[in-house]
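Have a look at target.pdb; it's PDB, C-alpha atoms and all ligand atoms:
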ATOM      1  CA  MET A   1     129.510  95.982  74.084
ATOM      2  CA  ALA A   2     126.695  93.603  74.895
ATOM      3  CA  VAL A   3     123.430  95.272  75.892
ATOM      4  CA  LYS A   4     122.795  95.016  79.632
ATOM      5  CA  TYR A   5     119.663  93.213  80.666
ATOM      6  CA  ARG A   6     120.032  92.566  84.418
ATOM      7  CA  TYR A   7     118.108  95.296  86.210
ATOM      8  CA  GLU A   8     120.328  95.382  89.298
ATOM      9  CA  GLU A   9     123.434  96.054  87.175
ATOM     10  CA  PHE A  10     122.031  99.294  85.721
ATOM     11  CA  ALA A  11     122.836 102.751  87.066
ATOM     12  CA  TRP A  12     119.865 105.068  87.494
ATOM     13  CA  PRO A  13     120.266 107.024  84.235
ATOM     14  CA  GLU A  14     120.306 103.658  82.455
ATOM     15  CA  ILE A  15     117.086 102.631  84.203
ATOM     16  CA  ARG A  16     115.475 105.888  83.094
ATOM     17  CA  GLN A  17     116.573 105.094  79.534
ATOM     18  CA  ALA A  18     115.361 101.474  79.754
ATOM     19  CA  ALA A  19     111.894 102.610  80.847
ATOM     20  CA  ALA A  20     111.822 105.297  78.128
ATOM     21  CA  SER A  21     112.689 102.585  75.575
ATOM     22  CA  HIS A  22     109.556 100.694  76.626
ATOM     23  CA  ARG A  23     111.472  97.662  77.775
ATOM     24  CA  VAL A  24     109.298  95.056  79.493
ATOM     25  CA  ALA A  25     110.182  94.400  83.138
ATOM     26  CA  VAL A  26     110.358  90.619  83.609
ATOM     27  CA  ILE A  27     110.211  89.328  87.200
ATOM     28  CA  PRO A  28     110.799  85.625  87.848
ATOM     29  CA  VAL A  29     108.944  84.353  90.918
ATOM     30  CA  GLY A  30     109.621  80.975  92.507
ATOM     31  CA  THR A  31     109.556  79.554  96.006
ATOM     32  CA  VAL A  32     111.931  77.726  98.310
ATOM     33  CA  GLU A  33     110.351  74.376  99.110
ATOM     34  CA  GLN A  34     110.907  70.655  99.179
ATOM     35  CA  HIS A  35     110.676  68.897  95.809
ATOM     36  CA  GLY A  36     111.022  65.276  96.850
ATOM     37  CA  PRO A  37     114.240  63.412  97.661
ATOM     38  CA  HIS A  38     115.787  63.988  94.234
ATOM     39  CA  LEU A  39     115.382  67.733  93.501
ATOM     40  CA  PRO A  40     116.741  70.837  95.278
ATOM     41  CA  LEU A  41     114.660  73.314  97.305
ATOM     42  CA  VAL A  42     115.445  76.011  94.754
ATOM     43  CA  THR A  43     113.740  74.192  91.861
ATOM     44  CA  ASP A  44     110.905  76.687  91.254
ATOM     45  CA  VAL A  45     113.186  79.724  91.499
ATOM     46  CA  LEU A  46     115.697  78.105  89.189
ATOM     47  CA  THR A  47     113.230  77.158  86.452
ATOM     48  CA  ALA A  48     111.438  80.530  86.371
ATOM     49  CA  THR A  49     114.690  82.492  86.569
ATOM     50  CA  GLU A  50     116.683  80.600  83.971
ATOM     51  CA  MET A  51     113.848  80.463  81.430
ATOM     52  CA  SER A  52     113.258  84.200  81.889
ATOM     53  CA  ARG A  53     116.970  84.937  81.658
ATOM     54  CA  ARG A  54     117.337  82.995  78.413
ATOM     55  CA  ALA A  55     114.377  84.824  76.911
ATOM     56  CA  VAL A  56     115.501  88.319  77.944
ATOM     57  CA  GLU A  57     119.104  87.612  76.955
ATOM     58  CA  GLN A  58     117.950  87.107  73.363
ATOM     59  CA  ILE A  59     116.016  90.389  73.189
ATOM     60  CA  PRO A  60     117.929  92.686  75.570
ATOM     61  CA  GLU A  61     116.762  95.857  73.877
ATOM     62  CA  GLU A  62     113.148  94.914  74.510
ATOM     63  CA  ALA A  63     113.217  93.720  78.126
ATOM     64  CA  VAL A  64     115.005  93.858  81.465
ATOM     65  CA  LEU A  65     115.362  90.963  83.908
ATOM     66  CA  LEU A  66     114.576  91.743  87.541
ATOM     67  CA  PRO A  67     116.137  89.920  90.502
ATOM     68  CA  SER A  68     113.997  86.885  91.318
ATOM     69  CA  VAL A  69     111.478  86.623  94.133
ATOM     70  CA  TYR A  70     112.639  83.577  96.092
ATOM     71  CA  TYR A  71     110.063  83.150  98.866
ATOM     72  CA  ALA A  72     106.353  82.567  98.461
ATOM     73  CA  PHE A  73     103.236  80.867  99.770
ATOM     74  CA  ASN A  74     103.581  77.144 100.501
ATOM     75  CA  GLU A  75     102.371  76.381 104.005
ATOM     76  CA  HIS A  76     101.049  73.057 102.699
ATOM     77  CA  HIS A  77     104.638  71.832 102.203
ATOM     78  CA  LEU A  78     105.819  72.541 105.763
ATOM     79  CA  ASP A  79     105.619  68.887 106.852
ATOM     80  CA  PHE A  80     108.793  68.333 104.826
ATOM     81  CA  PRO A  81     112.091  69.895 105.957
ATOM     82  CA  GLY A  82     113.417  72.901 104.086
ATOM     83  CA  THR A  83     110.264  74.717 103.008
ATOM     84  CA  ILE A  84     110.156  78.463 103.769
ATOM     85  CA  ALA A  85     106.541  79.638 103.906
ATOM     86  CA  VAL A  86     105.388  83.239 103.551
ATOM     87  CA  GLU A  87     101.837  84.129 104.553
ATOM     88  CA  GLY A  88      99.577  84.806 101.548
ATOM     89  CA  GLN A  89      98.754  88.470 102.169
ATOM     90  CA  THR A  90     102.421  89.258 102.843
ATOM     91  CA  PHE A  91     103.421  87.629  99.577
ATOM     92  CA  ILE A  92     100.769  89.461  97.549
ATOM     93  CA  ARG A  93     101.714  92.774  99.158
ATOM     94  CA  TYR A  94     105.445  92.196  98.565
ATOM     95  CA  VAL A  95     105.089  91.411  94.855
ATOM     96  CA  THR A  96     102.588  94.247  94.418
ATOM     97  CA  ASP A  97     105.104  96.695  95.905
ATOM     98  CA  ILE A  98     107.814  95.544  93.491
ATOM     99  CA  GLY A  99     105.492  96.167  90.567
ATOM    100  CA  ILE A 100     104.310  99.546  91.847
ATOM    101  CA  SER A 101     107.936 100.655  92.212
ATOM    102  CA  LEU A 102     108.642  99.657  88.620
ATOM    103  CA  ALA A 103     105.536 101.509  87.469
ATOM    104  CA  HIS A 104     106.722 104.545  89.415
ATOM    105  CA  HIS A 105     109.988 104.485  87.447
ATOM    106  CA  GLY A 106     108.083 104.423  84.175
ATOM    107  CA  PHE A 107     107.993 100.756  83.218
ATOM    108  CA  GLN A 108     104.583 100.404  81.606
ATOM    109  CA  LYS A 109     104.671  96.685  80.943
ATOM    110  CA  ILE A 110     105.477  94.196  83.672
ATOM    111  CA  LEU A 111     105.544  90.412  83.362
ATOM    112  CA  LEU A 112     105.614  88.008  86.299
ATOM    113  CA  VAL A 113     107.062  84.634  85.260
ATOM    114  CA  ASN A 114     105.916  82.071  87.761
ATOM    115  CA  GLY A 115     107.677  78.824  88.697
ATOM    116  CA  HIS A 116     105.454  77.547  91.538
ATOM    117  CA  GLY A 117     101.962  76.103  91.120
ATOM    118  CA  SER A 118     100.565  77.507  94.350
ATOM    119  CA  ASN A 119     101.728  81.015  93.446
ATOM    120  CA  VAL A 120      99.054  81.271  90.772
ATOM    121  CA  PRO A 121      96.130  82.767  92.759
ATOM    122  CA  PHE A 122      98.405  85.119  94.718
ATOM    123  CA  LEU A 123     100.338  86.388  91.699
ATOM    124  CA  ASP A 124      97.097  86.830  89.794
ATOM    125  CA  VAL A 125      95.949  89.190  92.543
ATOM    126  CA  ALA A 126      99.344  90.940  92.680
ATOM    127  CA  ALA A 127      99.296  91.492  88.894
ATOM    128  CA  ARG A 128      95.769  92.911  89.120
ATOM    129  CA  ASN A 129      96.800  95.174  92.005
ATOM    130  CA  ILE A 130      99.690  96.546  89.970
ATOM    131  CA  THR A 131      97.499  97.025  86.900
ATOM    132  CA  ASN A 132      94.721  98.681  88.913
ATOM    133  CA  HIS A 133      97.186 100.990  90.615
ATOM    134  CA  GLY A 134      97.868 103.304  87.704
ATOM    135  CA  LYS A 135      99.206 103.622  84.199
ATOM    136  CA  SER A 136     101.176 100.375  83.916
ATOM    137  CA  ILE A 137      99.862  96.919  83.128
ATOM    138  CA  CYS A 138     101.108  93.680  84.669
ATOM    139  CA  ALA A 139     100.522  90.101  83.498
ATOM    140  CA  MET A 140     101.496  86.766  85.031
ATOM    141  CA  VAL A 141     102.375  83.509  83.302
ATOM    142  CA  PRO A 142     103.239  80.157  84.852
ATOM    143  CA  TRP A 143     106.051  78.831  82.618
ATOM    144  CA  TRP A 144     104.364  75.451  82.083
ATOM    145  CA  ASN A 145     101.451  77.245  80.414
ATOM    146  CA  LEU A 146     103.914  78.154  77.652
ATOM    147  CA  VAL A 147     104.756  74.518  76.845
ATOM    148  CA  PRO A 148     103.042  73.850  73.497
ATOM    149  CA  ARG A 149     100.229  71.279  73.847
ATOM    150  CA  ASP A 150     101.500  69.181  70.965
ATOM    151  CA  LEU A 151     104.972  68.963  72.526
ATOM    152  CA  ILE A 152     103.528  67.679  75.827
ATOM    153  CA  ALA A 153     101.386  65.202  73.911
ATOM    154  CA  ARG A 154     104.457  63.955  72.041
ATOM    155  CA  LEU A 155     106.880  63.707  74.983
ATOM    156  CA  ARG A 156     104.712  62.821  77.945
ATOM    157  CA  GLU A 157     105.039  59.266  79.277
ATOM    158  CA  SER A 158     103.543  59.639  82.760
ATOM    159  CA  ASP A 159      99.839  59.107  83.467
ATOM    160  CA  PHE A 160      97.317  61.920  83.271
ATOM    161  CA  PRO A 161      96.215  63.236  85.649
ATOM    162  CA  GLY A 162      98.927  63.322  88.260
ATOM    163  CA  GLY A 163     102.132  62.400  86.461
ATOM    164  CA  MET A 164     103.201  66.015  86.061
ATOM    165  CA  ALA A 165     102.497  67.746  89.344
ATOM    166  CA  HIS A 166     105.468  68.329  91.643
ATOM    167  CA  GLY A 167     109.058  67.127  91.321
ATOM    168  CA  CYS A 168     107.489  65.252  88.442
ATOM    169  CA  GLU A 169     108.294  64.155  84.886
ATOM    170  CA  LEU A 170     108.147  67.780  83.698
ATOM    171  CA  GLU A 171     110.073  69.568  86.468
ATOM    172  CA  THR A 172     112.689  66.830  86.755
ATOM    173  CA  SER A 173     113.281  66.884  82.988
ATOM    174  CA  VAL A 174     113.766  70.650  83.072
ATOM    175  CA  LEU A 175     116.206  70.396  85.989
ATOM    176  CA  LEU A 176     118.111  67.570  84.248
ATOM    177  CA  HIS A 177     118.639  69.991  81.374
ATOM    178  CA  LEU A 178     119.356  73.166  83.367
ATOM    179  CA  ARG A 179     121.230  71.840  86.411
ATOM    180  CA  PRO A 180     121.939  68.089  86.184
ATOM    181  CA  ASP A 181     124.434  68.462  89.031
ATOM    182  CA  LEU A 182     121.510  69.175  91.403
ATOM    183  CA  VAL A 183     119.394  66.149  90.416
ATOM    184  CA  GLN A 184     119.762  62.877  92.325
ATOM    185  CA  MET A 185     118.002  60.572  89.879
ATOM    186  CA  GLU A 186     118.825  57.455  91.898
ATOM    187  CA  LYS A 187     116.456  58.772  94.601
ATOM    188  CA  ALA A 188     113.583  59.602  92.244
ATOM    189  CA  GLN A 189     110.462  57.472  92.515
ATOM    190  CA  PRO A 190     106.864  57.704  91.314
ATOM    191  CA  ASP A 191     104.371  58.951  93.876
ATOM    192  CA  PHE A 192     100.638  59.203  93.168
ATOM    193  CA  PRO A 193      97.787  59.998  95.583
ATOM    194  CA  SER A 194      96.151  56.804  96.867
ATOM    195  CA  GLN A 195      92.652  58.226  96.305
ATOM    196  CA  LYS A 196      91.636  58.318  92.649
ATOM    197  CA  SER A 197      89.371  61.257  91.874
ATOM    198  CA  GLU A 198      87.406  62.826  89.062
ATOM    199  CA  PHE A 199      87.574  66.273  90.686
ATOM    200  CA  PHE A 200      90.571  66.407  93.045
ATOM    201  CA  TYR A 201      93.920  66.030  91.325
ATOM    202  CA  TRP A 202      97.040  67.992  90.483
ATOM    203  CA  ASP A 203      98.647  68.168  87.056
ATOM    204  CA  LEU A 204     100.633  70.912  85.344
ATOM    205  CA  GLU A 205      99.339  69.987  81.886
ATOM    206  CA  LYS A 206      95.754  70.747  82.803
ATOM    207  CA  PRO A 207      94.404  71.790  86.199
ATOM    208  CA  SER A 208      91.561  69.906  87.876
ATOM    209  CA  PRO A 209      88.095  71.464  87.594
ATOM    210  CA  VAL A 210      88.011  72.050  91.358
ATOM    211  CA  PHE A 211      90.376  74.390  93.203
ATOM    212  CA  PHE A 212      91.684  72.498  96.208
ATOM    213  CA  GLN A 213      94.969  72.180  98.084
ATOM    214  CA  GLU A 214      95.531  70.247 101.285
ATOM    215  CA  PHE A 215      98.697  69.437 103.209
ATOM    216  CA  PHE A 216     101.072  67.745 100.815
ATOM    217  CA  SER A 217     101.971  65.008 103.297
ATOM    218  CA  ARG A 218      98.360  63.784 103.190
ATOM    219  CA  TYR A 219      98.767  62.470  99.678
ATOM    220  CA  SER A 220     102.505  62.241  98.997
ATOM    221  CA  ARG A 221     104.917  59.900 100.816
ATOM    222  CA  THR A 222     108.096  61.287  99.265
ATOM    223  CA  GLY A 223     107.302  64.966  98.704
ATOM    224  CA  THR A 224     106.992  64.234  94.986
ATOM    225  CA  SER A 225     103.680  64.125  93.147
ATOM    226  CA  GLY A 226     103.933  62.448  89.770
ATOM    227  CA  ASP A 227     106.493  60.296  88.040
ATOM    228  CA  PRO A 228     110.038  61.706  87.888
ATOM    229  CA  THR A 229     111.408  58.369  86.659
ATOM    230  CA  LYS A 230     109.989  59.265  83.230
ATOM    231  CA  ALA A 231     112.129  62.410  83.079
ATOM    232  CA  SER A 232     115.096  62.957  80.765
ATOM    233  CA  ALA A 233     117.518  65.758  79.959
ATOM    234  CA  GLU A 234     116.494  65.604  76.286
ATOM    235  CA  LYS A 235     112.830  66.190  77.169
ATOM    236  CA  GLY A 236     114.001  69.004  79.410
ATOM    237  CA  ARG A 237     115.882  70.638  76.565
ATOM    238  CA  LEU A 238     112.859  70.497  74.286
ATOM    239  CA  PHE A 239     110.554  71.880  77.002
ATOM    240  CA  VAL A 240     112.924  74.716  77.916
ATOM    241  CA  ASP A 241     113.628  75.739  74.319
ATOM    242  CA  ALA A 242     109.905  75.792  73.535
ATOM    243  CA  VAL A 243     109.044  77.811  76.647
ATOM    244  CA  VAL A 244     111.818  80.331  76.000
ATOM    245  CA  GLY A 245     110.700  80.771  72.387
ATOM    246  CA  ARG A 246     107.099  81.410  73.384
ATOM    247  CA  MET A 247     108.163  83.701  76.229
ATOM    248  CA  ILE A 248     109.999  85.878  73.717
ATOM    249  CA  GLN A 249     106.791  86.077  71.656
ATOM    250  CA  LEU A 250     104.824  86.930  74.798
ATOM    251  CA  ILE A 251     107.254  89.681  75.869
ATOM    252  CA  ARG A 252     107.117  91.194  72.375
ATOM    253  CA  GLU A 253     103.346  91.137  72.287
ATOM    254  CA  LEU A 254     103.083  92.670  75.759
ATOM    255  CA  ARG A 255     105.596  95.355  74.770
ATOM    256  CA  THR A 256     103.602  96.456  71.748
ATOM    257  CA  ARG A 257     100.208  96.079  73.407
ATOM    258  CA  HIS A 258      98.356  99.382  73.349
ATOM    259  CA  ILE A 259      97.101 100.588  76.731
ATOM    260  CA  GLU A 260      93.686 101.980  75.881
ATOM    261  CA  PRO A 261      92.436 105.019  77.796
ATOM    262  CA  ARG A 262      89.954 104.435  80.610
ATOM    263  CA  ILE A 263      86.564 106.056  80.210
ATOM    264  CA  ASP A 264      84.698 107.282  83.260
ATOM    265  CA  HIS A 265      81.008 106.801  82.497
ATOM    266  CA  HIS A 266      79.656 108.457  85.616
TER     267      HIS A 266
HETATM  268 ZN    ZN B   1     108.074  73.025  91.578
END

Hey, can you dump this file as structure tokens for me?
Ligand SMILES: [Zn+2]
Amino acid sequence: MAVKYRYEEFAWPEIRQAAASHRVAVIPVGTVEQHGPHLPLVTDVLTATEMSRRAVEQIPEEAVLLPSVYYAFNEHHLDFPGTIAVEGQTFIRYVTDIGISLAHHGFQKILLVNGHGSNVPFLDVAARNITNHGKSICAMVPWWNLVPRDLIARLRESDFPGGMAHGCELETSVLLHLRPDLVQMEKAQPDFPSQKSEFFYWDLEKPSPVFFQEFFSRYSRTGTSGDPTKASAEKGRLFVDAVVGRMIQLIRELRTRHIEPRIDHH
């Protein structure tokens, strides 16, 4: 029988066994928000969840896949219909509580796999909260950070910075591979901020030097930021396969990482 890997399908003795086997708890975190006229609201949940699922499915004895966190912080997208925004402190608290529960059940290694750019500062805090809470450690990775640099360099056709930001060449390619039925390519169009800037831009390949986020409707007409017309299912396949491969490496390294004892120097 295939080894179970979906957390919610376990019975409690199986959870006790999974924690005792040092399986890494993998939690996909997305958001429900507009992604332009051509992509579904669920884009960030879908990417984080499916990449995580594919990784855990290949190493089921080493990890468990938690149910995804759907809602997150994205007040800046509210000018477009569909976005569900959760206040920042609520979101941090919610994710922290999930991690603390897992730690309570004996999972020592927890990985948050993030699918939404604006989740980064909040999930960083949540991961630190979980780690600071006790014996377990928690790390967070945005999936696009796992795309190998040389693969981006080889496949990317949109301008840097800005071509890969939101509902862009990268996200649209991934969706064309994972769920082509949800992509309306005939509605995709490039959308770049009218103000060129050395310091204020958005790009998933490399973040701008300055942290800054204003209301999306101030710089995007369509809800997209970047160039989805450069997307393809083939690029999506290469991106997803590469991310899944590196996520497996990451899970394995986290699993074997030694948690050193704290030393109180008072
Ligand atoms: Zn997105």

For this session: Give me, please, the distance in Å between atom CA of A:Leu204 and atom CA of A:Asp191, quoted to one decimal.
Result: 15.2 Å

Exercise. Smallest atom-to-atom distance to A:Arg16: which of A:Arg252, A:His104, A:Lys230, A:Arg149, using only C-alpha atoms?
Worked result: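 Nearest candidate to A:Arg16 out of A:Arg252, A:His104, A:Lys230, A:Arg149: A:His104.
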
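Selection check: the PyMOL selection byres (((not hetatm)) within 9 of (chain B and resi 1)) on the shown file gives Gly30, Thr31, Glu33, Gln34, His35, Leu41, Val42, Thr43, Asp44, Val45, Thr47, Gly115, His116, Gly117, Ala165, His166, Gly167, Cys168 and Glu171 of chain A.
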
For this session: Spell out the residues picked by the PyMOL selection byres (((chain A and resi 29) around 12) and not hetatm) here, as number ranges by chain.
Result: A: 26-28, 30-32, 42-52, 65-73, 91-92, 94-95, 98, 111-120, 122-123, 126, 140-143

Problem set entry | Explicit residues for the PyMOL selection byres (((chain A and resi 20) around 12) and not hetatm) (as number ranges by chain) | A: 13-19, 21-24, 61-63, 103, 105-109

Problem set entry | Contacts of stretch 128-131 of chain A at 6 Å (all atoms listed in the file; same-chain gap of 3+ positions) as an NGL selection string | :A and (96 or 99-100 or 125 or 136-138)

For this session: Write out as a list of chain:residue names each polymer residue whose atoms come within 10 Å of A:Phe215, counting all atoms listed in the file; drop sequence neighbours fewer than 6 positions from it.
Result: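 My list of contacting residues is A:Asn74, A:Glu75, A:His76, A:His77, A:Leu78, A:Asp79.
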
For this session: Work out how far apart atom CA of A:Glu57 and atom CA of A:Tyr5 are and give it in Å to one decimal.
Result: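 One can read the atom CA of A:Glu57 to atom CA of A:Tyr5 distance as 6.7 Å.
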
For this session: Would you mind reading off the distance between atom CA of A:Leu250 and atom CA of A:Val56, one decimal, in Å?
Result: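 Atom CA of A:Leu250 sits 11.2 Å away from atom CA of A:Val56.
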
Problem set entry | Pick from A:Val64, A:Ala188, A:Asp264, A:Leu178, whichever lies nearest to A:Glu8 using only C-alpha atoms |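 Selected residue with least distance to A:Glu8: A:Val64.
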
Exercise. Which one of A:Arg221, A:Arg93, A:His177, A:Arg255 sits closest to A:Asp241 if you count all atoms listed in the file?
Worked result: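 Answer, going by the shortest atom-to-atom distance: A:His177.
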